[in-house]
>>> print(open('work_35.cif').read())   # mmCIF, N, CA, C and O atoms and all ligand atoms
data_coords
loop_
_atom_site.label_atom_id
_atom_site.label_comp_id
_atom_site.auth_asym_id
_atom_site.auth_seq_id
_atom_site.Cartn_x
_atom_site.Cartn_y
_atom_site.Cartn_z
N MET A 45 58.94 135.05 1.07
CA MET A 45 58.24 135.17 -0.21
C MET A 45 58.95 136.18 -1.11
O MET A 45 59.26 137.28 -0.68
N ALA A 46 59.19 135.76 -2.34
CA ALA A 46 59.85 136.66 -3.28
C ALA A 46 58.93 137.82 -3.64
O ALA A 46 57.72 137.76 -3.42
N GLU A 47 59.51 138.88 -4.20
CA GLU A 47 58.69 140.03 -4.58
C GLU A 47 57.88 139.74 -5.85
O GLU A 47 57.02 140.49 -6.21
N TYR A 48 58.20 138.66 -6.51
CA TYR A 48 57.43 138.26 -7.69
C TYR A 48 57.31 136.74 -7.67
O TYR A 48 58.12 136.05 -7.05
N TYR A 49 56.30 136.25 -8.33
CA TYR A 49 56.09 134.81 -8.40
C TYR A 49 55.37 134.52 -9.71
O TYR A 49 54.73 135.41 -10.29
N PRO A 50 55.47 133.29 -10.20
CA PRO A 50 54.81 132.99 -11.47
C PRO A 50 53.31 132.92 -11.28
O PRO A 50 52.84 132.27 -10.35
N VAL A 51 52.55 133.61 -12.11
CA VAL A 51 51.10 133.47 -12.07
C VAL A 51 50.64 132.46 -13.10
O VAL A 51 49.57 131.89 -12.98
N LYS A 52 51.47 132.24 -14.12
CA LYS A 52 51.09 131.28 -15.15
C LYS A 52 52.34 130.66 -15.77
O LYS A 52 53.29 131.37 -16.08
N LEU A 53 52.30 129.34 -15.89
CA LEU A 53 53.37 128.64 -16.59
C LEU A 53 52.72 127.93 -17.77
O LEU A 53 51.72 127.25 -17.59
N ARG A 54 53.29 128.10 -18.93
CA ARG A 54 52.73 127.31 -20.02
C ARG A 54 53.81 126.98 -21.03
O ARG A 54 54.83 127.67 -21.14
N GLN A 55 53.55 125.91 -21.76
CA GLN A 55 54.47 125.52 -22.80
C GLN A 55 54.18 126.41 -24.00
O GLN A 55 53.08 126.41 -24.54
N ALA A 56 55.16 127.22 -24.39
CA ALA A 56 54.94 128.18 -25.47
C ALA A 56 55.23 127.56 -26.83
O ALA A 56 54.75 128.00 -27.85
N GLY A 57 56.01 126.53 -26.83
CA GLY A 57 56.37 125.84 -28.06
C GLY A 57 56.93 124.51 -27.64
O GLY A 57 57.01 124.22 -26.45
N GLU A 58 57.34 123.70 -28.58
CA GLU A 58 57.82 122.37 -28.20
C GLU A 58 58.99 122.47 -27.22
O GLU A 58 59.11 121.66 -26.31
N PHE A 59 59.85 123.47 -27.43
CA PHE A 59 61.03 123.58 -26.59
C PHE A 59 61.08 124.91 -25.85
O PHE A 59 62.15 125.42 -25.56
N GLU A 60 59.92 125.46 -25.58
CA GLU A 60 59.89 126.74 -24.88
C GLU A 60 58.88 126.72 -23.74
O GLU A 60 57.76 126.26 -23.90
N LEU A 61 59.30 127.28 -22.62
CA LEU A 61 58.43 127.41 -21.47
C LEU A 61 58.22 128.89 -21.20
O LEU A 61 59.19 129.65 -21.12
N GLU A 62 56.96 129.27 -21.08
CA GLU A 62 56.67 130.68 -20.83
C GLU A 62 56.18 130.85 -19.40
O GLU A 62 55.35 130.09 -18.93
N ILE A 63 56.71 131.85 -18.73
CA ILE A 63 56.25 132.17 -17.38
C ILE A 63 55.75 133.61 -17.36
O ILE A 63 56.45 134.52 -17.79
N SER A 64 54.50 133.77 -16.90
CA SER A 64 53.97 135.12 -16.65
C SER A 64 54.14 135.39 -15.17
O SER A 64 53.71 134.59 -14.33
N TRP A 65 54.77 136.52 -14.86
CA TRP A 65 55.10 136.84 -13.46
C TRP A 65 54.07 137.80 -12.86
O TRP A 65 53.43 138.56 -13.58
N SER A 66 54.03 137.78 -11.53
CA SER A 66 53.06 138.61 -10.81
C SER A 66 53.32 140.10 -11.02
O SER A 66 52.44 140.93 -10.84
N ASP A 67 54.54 140.47 -11.40
CA ASP A 67 54.83 141.90 -11.63
C ASP A 67 54.63 142.28 -13.10
O ASP A 67 55.05 143.34 -13.54
N GLY A 68 54.01 141.36 -13.87
CA GLY A 68 53.69 141.69 -15.25
C GLY A 68 54.75 141.27 -16.25
O GLY A 68 54.54 141.35 -17.45
N HIS A 69 55.91 140.81 -15.74
CA HIS A 69 56.97 140.40 -16.65
C HIS A 69 56.64 139.06 -17.30
O HIS A 69 55.95 138.24 -16.70
N GLU A 70 57.09 138.88 -18.54
CA GLU A 70 56.91 137.61 -19.24
C GLU A 70 58.28 137.09 -19.61
O GLU A 70 59.09 137.81 -20.18
N SER A 71 58.51 135.81 -19.30
CA SER A 71 59.78 135.19 -19.67
C SER A 71 59.49 133.99 -20.56
O SER A 71 58.60 133.20 -20.25
N VAL A 72 60.24 133.87 -21.63
CA VAL A 72 60.14 132.68 -22.47
C VAL A 72 61.51 132.01 -22.50
O VAL A 72 62.49 132.59 -22.97
N TYR A 73 61.56 130.82 -21.91
CA TYR A 73 62.83 130.12 -21.77
C TYR A 73 62.95 128.99 -22.77
O TYR A 73 62.06 128.16 -22.88
N PRO A 74 64.09 128.92 -23.46
CA PRO A 74 64.39 127.67 -24.17
C PRO A 74 64.60 126.62 -23.09
O PRO A 74 65.41 126.82 -22.18
N VAL A 75 63.84 125.52 -23.12
CA VAL A 75 63.85 124.62 -21.96
C VAL A 75 65.21 124.00 -21.67
O VAL A 75 65.55 123.74 -20.52
N ARG A 76 66.02 123.79 -22.72
CA ARG A 76 67.33 123.19 -22.47
C ARG A 76 68.20 124.10 -21.60
O ARG A 76 69.01 123.61 -20.80
N VAL A 77 68.01 125.40 -21.75
CA VAL A 77 68.77 126.35 -20.92
C VAL A 77 68.43 126.13 -19.45
O VAL A 77 69.31 126.16 -18.58
N LEU A 78 67.16 125.85 -19.17
CA LEU A 78 66.77 125.58 -17.78
C LEU A 78 67.42 124.28 -17.29
O LEU A 78 67.90 124.20 -16.16
N ARG A 79 67.42 123.28 -18.17
CA ARG A 79 68.04 122.01 -17.78
C ARG A 79 69.53 122.20 -17.48
O ARG A 79 70.05 121.67 -16.51
N LEU A 80 70.20 122.99 -18.33
CA LEU A 80 71.64 123.20 -18.16
C LEU A 80 71.94 124.02 -16.91
O LEU A 80 73.04 123.94 -16.37
N ASN A 81 70.97 124.80 -16.47
CA ASN A 81 71.18 125.62 -15.27
C ASN A 81 70.55 125.01 -14.03
O ASN A 81 70.31 125.70 -13.05
N CYS A 82 70.27 123.72 -14.08
CA CYS A 82 69.74 123.03 -12.92
C CYS A 82 70.69 123.24 -11.74
O CYS A 82 71.89 123.03 -11.86
N PRO A 83 70.13 123.69 -10.61
CA PRO A 83 70.98 124.02 -9.46
C PRO A 83 71.17 122.88 -8.47
O PRO A 83 71.70 123.08 -7.39
N CYS A 84 70.74 121.66 -8.79
CA CYS A 84 70.79 120.59 -7.79
C CYS A 84 72.22 120.10 -7.56
O CYS A 84 73.13 120.41 -8.32
N ALA A 85 72.38 119.31 -6.52
CA ALA A 85 73.71 118.86 -6.10
C ALA A 85 74.37 117.92 -7.11
O ALA A 85 75.58 117.70 -7.06
N LEU A 86 73.57 117.37 -8.03
CA LEU A 86 74.16 116.52 -9.06
C LEU A 86 74.70 117.36 -10.22
O LEU A 86 75.49 116.90 -11.02
N CYS A 87 74.23 118.58 -10.32
CA CYS A 87 74.60 119.45 -11.44
C CYS A 87 75.58 120.54 -11.04
O CYS A 87 76.37 121.01 -11.85
N VAL A 88 75.50 120.96 -9.78
CA VAL A 88 76.38 122.01 -9.29
C VAL A 88 76.99 121.54 -7.98
O VAL A 88 76.28 121.05 -7.09
N HIS A 89 78.32 121.66 -7.87
CA HIS A 89 78.99 121.27 -6.64
C HIS A 89 78.52 122.16 -5.49
O HIS A 89 78.58 123.38 -5.58
N GLU A 90 78.02 121.51 -4.43
CA GLU A 90 77.36 122.27 -3.37
C GLU A 90 78.26 123.29 -2.68
O GLU A 90 77.82 124.36 -2.30
N LEU A 91 79.51 122.93 -2.48
CA LEU A 91 80.39 123.84 -1.73
C LEU A 91 81.04 124.89 -2.63
O LEU A 91 81.06 126.07 -2.31
N SER A 92 81.54 124.45 -3.78
CA SER A 92 82.26 125.41 -4.63
C SER A 92 81.33 126.18 -5.55
O SER A 92 81.69 127.22 -6.08
N GLY A 93 80.10 125.65 -5.78
CA GLY A 93 79.20 126.30 -6.72
C GLY A 93 79.60 126.07 -8.17
O GLY A 93 79.01 126.63 -9.09
N ARG A 94 80.60 125.21 -8.37
CA ARG A 94 81.08 124.93 -9.72
C ARG A 94 80.13 123.95 -10.42
O ARG A 94 79.64 123.01 -9.81
N LYS A 95 79.88 124.21 -11.69
CA LYS A 95 78.98 123.33 -12.42
C LYS A 95 79.66 122.00 -12.71
O LYS A 95 80.77 121.95 -13.23
N ILE A 96 79.00 120.89 -12.32
CA ILE A 96 79.57 119.58 -12.61
C ILE A 96 78.78 118.85 -13.68
O ILE A 96 79.15 117.78 -14.13
N LEU A 97 77.69 119.45 -14.10
CA LEU A 97 76.89 118.85 -15.16
C LEU A 97 77.68 118.89 -16.47
O LEU A 97 78.26 119.91 -16.82
N ASP A 98 77.71 117.77 -17.16
CA ASP A 98 78.35 117.72 -18.47
C ASP A 98 77.30 118.15 -19.51
O ASP A 98 76.42 117.39 -19.87
N GLU A 99 77.42 119.39 -19.95
CA GLU A 99 76.40 119.95 -20.84
C GLU A 99 76.27 119.15 -22.13
O GLU A 99 75.19 119.01 -22.69
N ALA A 100 77.39 118.61 -22.60
CA ALA A 100 77.37 117.85 -23.84
C ALA A 100 76.54 116.58 -23.70
O ALA A 100 76.03 116.04 -24.68
N ALA A 101 76.40 116.12 -22.45
CA ALA A 101 75.65 114.88 -22.21
C ALA A 101 74.14 115.12 -22.13
O ALA A 101 73.36 114.18 -22.09
N VAL A 102 73.74 116.38 -22.11
CA VAL A 102 72.31 116.70 -22.04
C VAL A 102 71.77 116.75 -23.47
O VAL A 102 72.24 117.54 -24.28
N SER A 103 70.79 115.91 -23.75
CA SER A 103 70.35 115.81 -25.13
C SER A 103 69.69 117.10 -25.60
O SER A 103 69.11 117.86 -24.81
N ALA A 104 69.78 117.37 -26.89
CA ALA A 104 69.29 118.62 -27.47
C ALA A 104 67.78 118.73 -27.36
O ALA A 104 67.23 119.83 -27.38
N ASP A 105 67.09 117.59 -27.24
CA ASP A 105 65.63 117.65 -27.24
C ASP A 105 65.04 117.36 -25.85
O ASP A 105 63.91 116.93 -25.73
N VAL A 106 65.83 117.62 -24.81
CA VAL A 106 65.33 117.41 -23.45
C VAL A 106 64.17 118.39 -23.18
O VAL A 106 64.17 119.52 -23.65
N LYS A 107 63.16 117.89 -22.48
CA LYS A 107 61.96 118.71 -22.22
C LYS A 107 61.46 118.45 -20.81
O LYS A 107 61.66 117.36 -20.27
N PRO A 108 60.74 119.42 -20.23
CA PRO A 108 60.11 119.15 -18.94
C PRO A 108 58.93 118.19 -19.13
O PRO A 108 58.20 118.32 -20.10
N MET A 109 58.79 117.24 -18.23
CA MET A 109 57.64 116.33 -18.26
C MET A 109 56.61 116.75 -17.25
O MET A 109 55.43 116.76 -17.50
N VAL A 110 57.10 117.08 -16.05
CA VAL A 110 56.23 117.47 -14.94
C VAL A 110 56.84 118.69 -14.28
O VAL A 110 58.05 118.75 -14.08
N ILE A 111 56.00 119.68 -13.98
CA ILE A 111 56.46 120.85 -13.24
C ILE A 111 55.60 120.97 -11.99
O ILE A 111 54.38 121.06 -12.08
N ASN A 112 56.24 120.89 -10.84
CA ASN A 112 55.52 120.96 -9.57
C ASN A 112 55.91 122.20 -8.79
O ASN A 112 57.08 122.55 -8.77
N PRO A 113 54.94 122.82 -8.13
CA PRO A 113 55.32 123.91 -7.24
C PRO A 113 56.09 123.35 -6.05
O PRO A 113 55.82 122.23 -5.59
N GLU A 114 57.06 124.09 -5.58
CA GLU A 114 57.86 123.66 -4.44
C GLU A 114 57.73 124.78 -3.40
O GLU A 114 58.37 125.81 -3.52
N GLY A 115 56.84 124.58 -2.46
CA GLY A 115 56.57 125.65 -1.51
C GLY A 115 56.08 126.88 -2.24
O GLY A 115 55.46 126.79 -3.29
N ARG A 116 56.40 128.04 -1.69
CA ARG A 116 55.97 129.29 -2.31
C ARG A 116 57.14 130.04 -2.91
O ARG A 116 57.08 131.24 -3.12
N TYR A 117 58.21 129.31 -3.16
CA TYR A 117 59.41 130.02 -3.60
C TYR A 117 60.06 129.42 -4.82
O TYR A 117 61.00 129.99 -5.37
N ALA A 118 59.60 128.26 -5.26
CA ALA A 118 60.34 127.55 -6.31
C ALA A 118 59.44 126.59 -7.07
O ALA A 118 58.30 126.31 -6.66
N ILE A 119 59.96 126.08 -8.18
CA ILE A 119 59.31 124.97 -8.88
C ILE A 119 60.32 123.85 -9.03
O ILE A 119 61.53 124.07 -9.09
N ASN A 120 59.78 122.65 -9.10
CA ASN A 120 60.59 121.46 -9.32
C ASN A 120 60.23 120.93 -10.71
O ASN A 120 59.06 120.87 -11.06
N ILE A 121 61.24 120.60 -11.51
CA ILE A 121 60.99 120.12 -12.87
C ILE A 121 61.49 118.69 -13.02
O ILE A 121 62.62 118.37 -12.65
N HIS A 122 60.61 117.83 -13.55
CA HIS A 122 61.02 116.48 -13.94
C HIS A 122 61.25 116.49 -15.44
O HIS A 122 60.36 116.88 -16.20
N TRP A 123 62.41 116.03 -15.86
CA TRP A 123 62.81 116.12 -17.26
C TRP A 123 62.67 114.79 -17.99
O TRP A 123 62.71 113.73 -17.37
N THR A 124 62.60 114.89 -19.30
CA THR A 124 62.49 113.66 -20.11
C THR A 124 63.75 112.81 -20.02
O THR A 124 63.71 111.64 -20.37
N ASP A 125 64.87 113.37 -19.56
CA ASP A 125 66.07 112.53 -19.40
C ASP A 125 66.12 111.85 -18.03
O ASP A 125 67.12 111.23 -17.68
N GLY A 126 65.03 111.98 -17.27
CA GLY A 126 64.95 111.27 -15.99
C GLY A 126 65.43 112.10 -14.81
O GLY A 126 65.27 111.71 -13.66
N HIS A 127 65.99 113.27 -15.08
CA HIS A 127 66.49 114.12 -14.01
C HIS A 127 65.32 114.83 -13.33
O HIS A 127 64.46 115.37 -14.00
N LYS A 128 65.29 114.79 -12.01
CA LYS A 128 64.14 115.41 -11.34
C LYS A 128 64.46 116.02 -9.99
O LYS A 128 63.57 116.27 -9.19
N THR A 129 65.73 116.29 -9.74
CA THR A 129 66.10 116.82 -8.43
C THR A 129 66.25 118.34 -8.42
O THR A 129 66.55 118.92 -7.38
N GLY A 130 66.06 118.96 -9.56
CA GLY A 130 66.28 120.41 -9.61
C GLY A 130 65.15 121.22 -9.01
O GLY A 130 63.99 121.03 -9.35
N ILE A 131 65.48 122.09 -8.10
CA ILE A 131 64.53 123.03 -7.51
C ILE A 131 64.92 124.41 -8.02
O ILE A 131 65.98 124.94 -7.68
N TYR A 132 64.06 124.98 -8.84
CA TYR A 132 64.35 126.27 -9.44
C TYR A 132 63.63 127.35 -8.65
O TYR A 132 62.40 127.45 -8.72
N THR A 133 64.39 128.14 -7.91
CA THR A 133 63.73 129.22 -7.17
C THR A 133 63.29 130.29 -8.16
O THR A 133 63.83 130.41 -9.26
N TYR A 134 62.30 131.06 -7.74
CA TYR A 134 61.81 132.14 -8.61
C TYR A 134 62.96 133.09 -8.94
O TYR A 134 63.08 133.57 -10.06
N GLU A 135 63.80 133.31 -7.94
CA GLU A 135 64.94 134.20 -8.14
C GLU A 135 65.87 133.67 -9.24
O GLU A 135 66.31 134.41 -10.11
N LEU A 136 66.14 132.36 -9.18
CA LEU A 136 66.99 131.76 -10.20
C LEU A 136 66.33 131.89 -11.57
O LEU A 136 66.97 132.27 -12.56
N LEU A 137 65.03 131.58 -11.63
CA LEU A 137 64.33 131.66 -12.92
C LEU A 137 64.40 133.08 -13.49
O LEU A 137 64.65 133.27 -14.68
N ARG A 138 64.20 134.04 -12.61
CA ARG A 138 64.26 135.42 -13.12
C ARG A 138 65.66 135.76 -13.59
O ARG A 138 65.85 136.47 -14.57
N SER A 139 66.66 135.23 -12.89
CA SER A 139 68.04 135.54 -13.28
C SER A 139 68.39 134.88 -14.61
O SER A 139 69.37 135.25 -15.25
N LEU A 140 67.60 133.88 -15.01
CA LEU A 140 67.85 133.20 -16.28
C LEU A 140 66.98 133.75 -17.41
O LEU A 140 67.09 133.31 -18.55
N CYS A 141 66.12 134.70 -17.11
CA CYS A 141 65.21 135.22 -18.13
C CYS A 141 66.04 135.75 -19.30
O CYS A 141 66.94 136.56 -19.12
N PRO A 142 65.73 135.25 -20.50
CA PRO A 142 66.56 135.60 -21.65
C PRO A 142 66.10 136.86 -22.39
O PRO A 142 66.66 137.18 -23.43
N CYS A 143 65.11 137.58 -21.88
CA CYS A 143 64.61 138.74 -22.63
C CYS A 143 65.65 139.87 -22.64
O CYS A 143 66.53 139.92 -21.79
N SER A 144 65.51 140.76 -23.59
CA SER A 144 66.54 141.79 -23.77
C SER A 144 66.61 142.72 -22.57
O SER A 144 67.68 143.16 -22.15
N GLU A 145 65.44 143.00 -21.97
CA GLU A 145 65.40 143.87 -20.80
C GLU A 145 66.22 143.28 -19.64
O GLU A 145 67.03 143.96 -19.01
N CYS A 146 66.00 141.99 -19.35
CA CYS A 146 66.73 141.36 -18.25
C CYS A 146 68.21 141.22 -18.57
O CYS A 146 69.06 141.40 -17.70
N ARG A 147 68.51 140.88 -19.82
CA ARG A 147 69.92 140.78 -20.20
C ARG A 147 70.62 142.11 -20.00
O ARG A 147 71.72 142.17 -19.48
N ALA A 148 69.97 143.17 -20.41
CA ALA A 148 70.56 144.50 -20.29
C ALA A 148 70.80 144.86 -18.82
O ALA A 148 71.84 145.38 -18.46
N SER A 149 69.83 144.52 -17.94
CA SER A 149 70.01 144.90 -16.54
C SER A 149 71.08 144.02 -15.88
O SER A 149 71.79 144.47 -15.00
N ARG A 150 71.21 142.75 -16.34
CA ARG A 150 72.30 141.92 -15.80
C ARG A 150 73.65 142.46 -16.23
O ARG A 150 74.58 142.51 -15.43
N GLU A 151 73.74 142.88 -17.49
CA GLU A 151 75.03 143.36 -17.99
C GLU A 151 75.44 144.64 -17.27
O GLU A 151 76.61 144.84 -16.98
N SER A 152 74.46 145.47 -16.94
CA SER A 152 74.83 146.73 -16.28
C SER A 152 75.31 146.48 -14.86
O SER A 152 76.01 147.29 -14.28
N LYS A 153 74.93 145.32 -14.28
CA LYS A 153 75.40 144.99 -12.93
C LYS A 153 76.79 144.39 -12.93
O LYS A 153 77.51 144.49 -11.95
N ASP A 154 77.16 143.73 -14.02
CA ASP A 154 78.47 143.04 -14.07
C ASP A 154 79.64 144.02 -14.08
O ASP A 154 79.54 145.09 -14.64
ZN ZN B 201 70.29 118.83 -11.48
ZN ZN B 202 63.02 139.24 -18.66
#
>>> encode(input="work_35.cif", output="structure tokens")
Amino acid sequence: MAEYYPVKLRQAGEFELEISWSDGHESVYPVRVLRLNCPCALCVHELSGRKILDEAAVSADVKPMVINPEGRYAINIHWTDGHKTGIYTYELLRSLCPCSECRASRESKD
């Protein structure tokens, strides 16, 4: 079990997904960013970790259709483009959080 987990997921805008975390953090994701960072084997080469998804082929208005919990560690998203194999772990979601606080802490680690 991760040290944090989503307590609430909601659509914040047509193209935004908001996650409220158990540690009080709030993340608002542009949904296309989540689609582009899909970690499944069709989007990322399993052995090399290299991204094989053609970002240009992902439509600008792609949106989540269905979001399912995946165990206690991840969510699965079904997208309007038919893609539904992505399992987004809480850790991955947090690493994608676009807020200034998270960006700053990522940059200080690099
Ligand atoms: Zn994928
Ligand atoms: Zn954040």
>>> atom_distance(input="work_35.cif", atom1="atom CA of Ala101 of chain A", atom2="atom C of His89 of chain A")
18.5 Å
>>> select_by_dssp(input="work_35.cif", residues="chain A", states="strand (DSSP E or B)", output="VMD selection string")
chain A and resid 50 to 57 60 to 65 70 to 74 88 95 108 to 114 118 to 123 130 to 133
>>> write_last_selection(input="work_35.cif", atoms="N, CA, C and O atoms", output="short mmCIF file (atom, residue, chain, number, x, y, z; two decimals), in the frame of the given file")
data_model
loop_
_atom_site.label_atom_id
_atom_site.label_comp_id
_atom_site.auth_asym_id
_atom_site.auth_seq_id
_atom_site.Cartn_x
_atom_site.Cartn_y
_atom_site.Cartn_z
N PRO A 50 55.47 133.29 -10.20
CA PRO A 50 54.81 132.99 -11.47
C PRO A 50 53.31 132.92 -11.28
O PRO A 50 52.84 132.27 -10.35
N VAL A 51 52.55 133.61 -12.11
CA VAL A 51 51.10 133.47 -12.07
C VAL A 51 50.64 132.46 -13.10
O VAL A 51 49.57 131.89 -12.98
N LYS A 52 51.47 132.24 -14.12
CA LYS A 52 51.09 131.28 -15.15
C LYS A 52 52.34 130.66 -15.77
O LYS A 52 53.29 131.37 -16.08
N LEU A 53 52.30 129.34 -15.89
CA LEU A 53 53.37 128.64 -16.59
C LEU A 53 52.72 127.93 -17.77
O LEU A 53 51.72 127.25 -17.59
N ARG A 54 53.29 128.10 -18.93
CA ARG A 54 52.73 127.31 -20.02
C ARG A 54 53.81 126.98 -21.03
O ARG A 54 54.83 127.67 -21.14
N GLN A 55 53.55 125.91 -21.76
CA GLN A 55 54.47 125.52 -22.80
C GLN A 55 54.18 126.41 -24.00
O GLN A 55 53.08 126.41 -24.54
N ALA A 56 55.16 127.22 -24.39
CA ALA A 56 54.94 128.18 -25.47
C ALA A 56 55.23 127.56 -26.83
O ALA A 56 54.75 128.00 -27.85
N GLY A 57 56.01 126.53 -26.83
CA GLY A 57 56.37 125.84 -28.06
C GLY A 57 56.93 124.51 -27.64
O GLY A 57 57.01 124.22 -26.45
N GLU A 60 59.92 125.46 -25.58
CA GLU A 60 59.89 126.74 -24.88
C GLU A 60 58.88 126.72 -23.74
O GLU A 60 57.76 126.26 -23.90
N LEU A 61 59.30 127.28 -22.62
CA LEU A 61 58.43 127.41 -21.47
C LEU A 61 58.22 128.89 -21.20
O LEU A 61 59.19 129.65 -21.12
N GLU A 62 56.96 129.27 -21.08
CA GLU A 62 56.67 130.68 -20.83
C GLU A 62 56.18 130.85 -19.40
O GLU A 62 55.35 130.09 -18.93
N ILE A 63 56.71 131.85 -18.73
CA ILE A 63 56.25 132.17 -17.38
C ILE A 63 55.75 133.61 -17.36
O ILE A 63 56.45 134.52 -17.79
N SER A 64 54.50 133.77 -16.90
CA SER A 64 53.97 135.12 -16.65
C SER A 64 54.14 135.39 -15.17
O SER A 64 53.71 134.59 -14.33
N TRP A 65 54.77 136.52 -14.86
CA TRP A 65 55.10 136.84 -13.46
C TRP A 65 54.07 137.80 -12.86
O TRP A 65 53.43 138.56 -13.58
N GLU A 70 57.09 138.88 -18.54
CA GLU A 70 56.91 137.61 -19.24
C GLU A 70 58.28 137.09 -19.61
O GLU A 70 59.09 137.81 -20.18
N SER A 71 58.51 135.81 -19.30
CA SER A 71 59.78 135.19 -19.67
C SER A 71 59.49 133.99 -20.56
O SER A 71 58.60 133.20 -20.25
N VAL A 72 60.24 133.87 -21.63
CA VAL A 72 60.14 132.68 -22.47
C VAL A 72 61.51 132.01 -22.50
O VAL A 72 62.49 132.59 -22.97
N TYR A 73 61.56 130.82 -21.91
CA TYR A 73 62.83 130.12 -21.77
C TYR A 73 62.95 128.99 -22.77
O TYR A 73 62.06 128.16 -22.88
N PRO A 74 64.09 128.92 -23.46
CA PRO A 74 64.39 127.67 -24.17
C PRO A 74 64.60 126.62 -23.09
O PRO A 74 65.41 126.82 -22.18
N VAL A 88 75.50 120.96 -9.78
CA VAL A 88 76.38 122.01 -9.29
C VAL A 88 76.99 121.54 -7.98
O VAL A 88 76.28 121.05 -7.09
N LYS A 95 79.88 124.21 -11.69
CA LYS A 95 78.98 123.33 -12.42
C LYS A 95 79.66 122.00 -12.71
O LYS A 95 80.77 121.95 -13.23
N PRO A 108 60.74 119.42 -20.23
CA PRO A 108 60.11 119.15 -18.94
C PRO A 108 58.93 118.19 -19.13
O PRO A 108 58.20 118.32 -20.10
N MET A 109 58.79 117.24 -18.23
CA MET A 109 57.64 116.33 -18.26
C MET A 109 56.61 116.75 -17.25
O MET A 109 55.43 116.76 -17.50
N VAL A 110 57.10 117.08 -16.05
CA VAL A 110 56.23 117.47 -14.94
C VAL A 110 56.84 118.69 -14.28
O VAL A 110 58.05 118.75 -14.08
N ILE A 111 56.00 119.68 -13.98
CA ILE A 111 56.46 120.85 -13.24
C ILE A 111 55.60 120.97 -11.99
O ILE A 111 54.38 121.06 -12.08
N ASN A 112 56.24 120.89 -10.84
CA ASN A 112 55.52 120.96 -9.57
C ASN A 112 55.91 122.20 -8.79
O ASN A 112 57.08 122.55 -8.77
N PRO A 113 54.94 122.82 -8.13
CA PRO A 113 55.32 123.91 -7.24
C PRO A 113 56.09 123.35 -6.05
O PRO A 113 55.82 122.23 -5.59
N GLU A 114 57.06 124.09 -5.58
CA GLU A 114 57.86 123.66 -4.44
C GLU A 114 57.73 124.78 -3.40
O GLU A 114 58.37 125.81 -3.52
N ALA A 118 59.60 128.26 -5.26
CA ALA A 118 60.34 127.55 -6.31
C ALA A 118 59.44 126.59 -7.07
O ALA A 118 58.30 126.31 -6.66
N ILE A 119 59.96 126.08 -8.18
CA ILE A 119 59.31 124.97 -8.88
C ILE A 119 60.32 123.85 -9.03
O ILE A 119 61.53 124.07 -9.09
N ASN A 120 59.78 122.65 -9.10
CA ASN A 120 60.59 121.46 -9.32
C ASN A 120 60.23 120.93 -10.71
O ASN A 120 59.06 120.87 -11.06
N ILE A 121 61.24 120.60 -11.51
CA ILE A 121 60.99 120.12 -12.87
C ILE A 121 61.49 118.69 -13.02
O ILE A 121 62.62 118.37 -12.65
N HIS A 122 60.61 117.83 -13.55
CA HIS A 122 61.02 116.48 -13.94
C HIS A 122 61.25 116.49 -15.44
O HIS A 122 60.36 116.88 -16.20
N TRP A 123 62.41 116.03 -15.86
CA TRP A 123 62.81 116.12 -17.26
C TRP A 123 62.67 114.79 -17.99
O TRP A 123 62.71 113.73 -17.37
N GLY A 130 66.06 118.96 -9.56
CA GLY A 130 66.28 120.41 -9.61
C GLY A 130 65.15 121.22 -9.01
O GLY A 130 63.99 121.03 -9.35
N ILE A 131 65.48 122.09 -8.10
CA ILE A 131 64.53 123.03 -7.51
C ILE A 131 64.92 124.41 -8.02
O ILE A 131 65.98 124.94 -7.68
N TYR A 132 64.06 124.98 -8.84
CA TYR A 132 64.35 126.27 -9.44
C TYR A 132 63.63 127.35 -8.65
O TYR A 132 62.40 127.45 -8.72
N THR A 133 64.39 128.14 -7.91
CA THR A 133 63.73 129.22 -7.17
C THR A 133 63.29 130.29 -8.16
O THR A 133 63.83 130.41 -9.26
#
>>> select_by_dssp(input="work_35.cif", residues="chain A", states="alpha helix (DSSP H)", output="PyMOL selection string")
chain A and resi 75-80+134-139+144-153
>>> closest_residue(input="work_35.cif", among="A:Ser152, A:Thr129, A:Ser66, A:Gln55", to="ligand ZN 201 (chain B)", atoms="all atoms listed in the file")
A:Thr129
>>> residues_near_ligand(input="work_35.cif", ligand="ligand ZN 202 (chain B)", cutoff="4.5 Å", atoms="only N, CA, C and O atoms and all ligand atoms", output="list in words")
Glu70, Cys143 and Cys146 of chain A
>>> atom_distance(input="work_35.cif", atom1="atom N of Glu60 of chain A", atom2="atom CA of Glu135 of chain A")
20.1 Å
>>> atom_distance(input="work_35.cif", atom1="atom CA of Tyr73 of chain A", atom2="atom CA of Leu137 of chain A")
9.1 Å
>>> closest_residue(input="work_35.cif", among="A:Gly68, A:Ala148, A:Cys82, A:Leu91", to="ligand ZN 201 (chain B)", atoms="all atoms listed in the file")
A:Cys82
>>> residues_around(input="work_35.cif", residues="Cys141 of chain A", least_positions_apart="5", cutoff="10 Å", atoms="only C-alpha atoms", output="list in words")
Ile63, His69, Glu70, Ser71, Val72, Tyr73, Pro74, Val77, Leu78, Leu136, Cys146 and Arg147 of chain A
>>> residues_around(input="work_35.cif", residues="Lys95 of chain A", least_positions_apart="2", cutoff="12 Å", atoms="only C-alpha atoms", output="PyMOL selection string")
chain A and resi 80-93+97-99
>>> closest_residue(input="work_35.cif", among="A:Arg94, A:Ala104, A:Arg79, A:Gly115", to="ligand ZN 201 (chain B)", atoms="all atoms listed in the file")
A:Arg79
>>> axis_aligned_box(input="work_35.cif", around="segment 79-94 of chain A", padding_each_side="8 Å", output="AutoDock Vina command-line options")
--center_x 74.8 --center_y 121.9 --center_z -10.0 --size_x 30.8 --size_y 26.7 --size_z 32.6
>>> residues_near_point(input="work_35.cif", point="(59.4, 119.3, -12.7)", cutoff="6 Å", atoms="all atoms listed in the file", output="VMD selection string")
chain A and resid 109 to 112 119 to 123 130
>>> closest_residue(input="work_35.cif", among="A:Val51, A:Ala100, A:Ile131, A:Val106", to="ligand ZN 201 (chain B)", atoms="only N, CA, C and O atoms and all ligand atoms")
A:Ile131
>>> closest_residue(input="work_35.cif", among="A:Ser144, A:Ser64, A:Val102, A:Tyr117", to="ligand ZN 201 (chain B)", atoms="only C-alpha atoms and all ligand atoms")
A:Val102
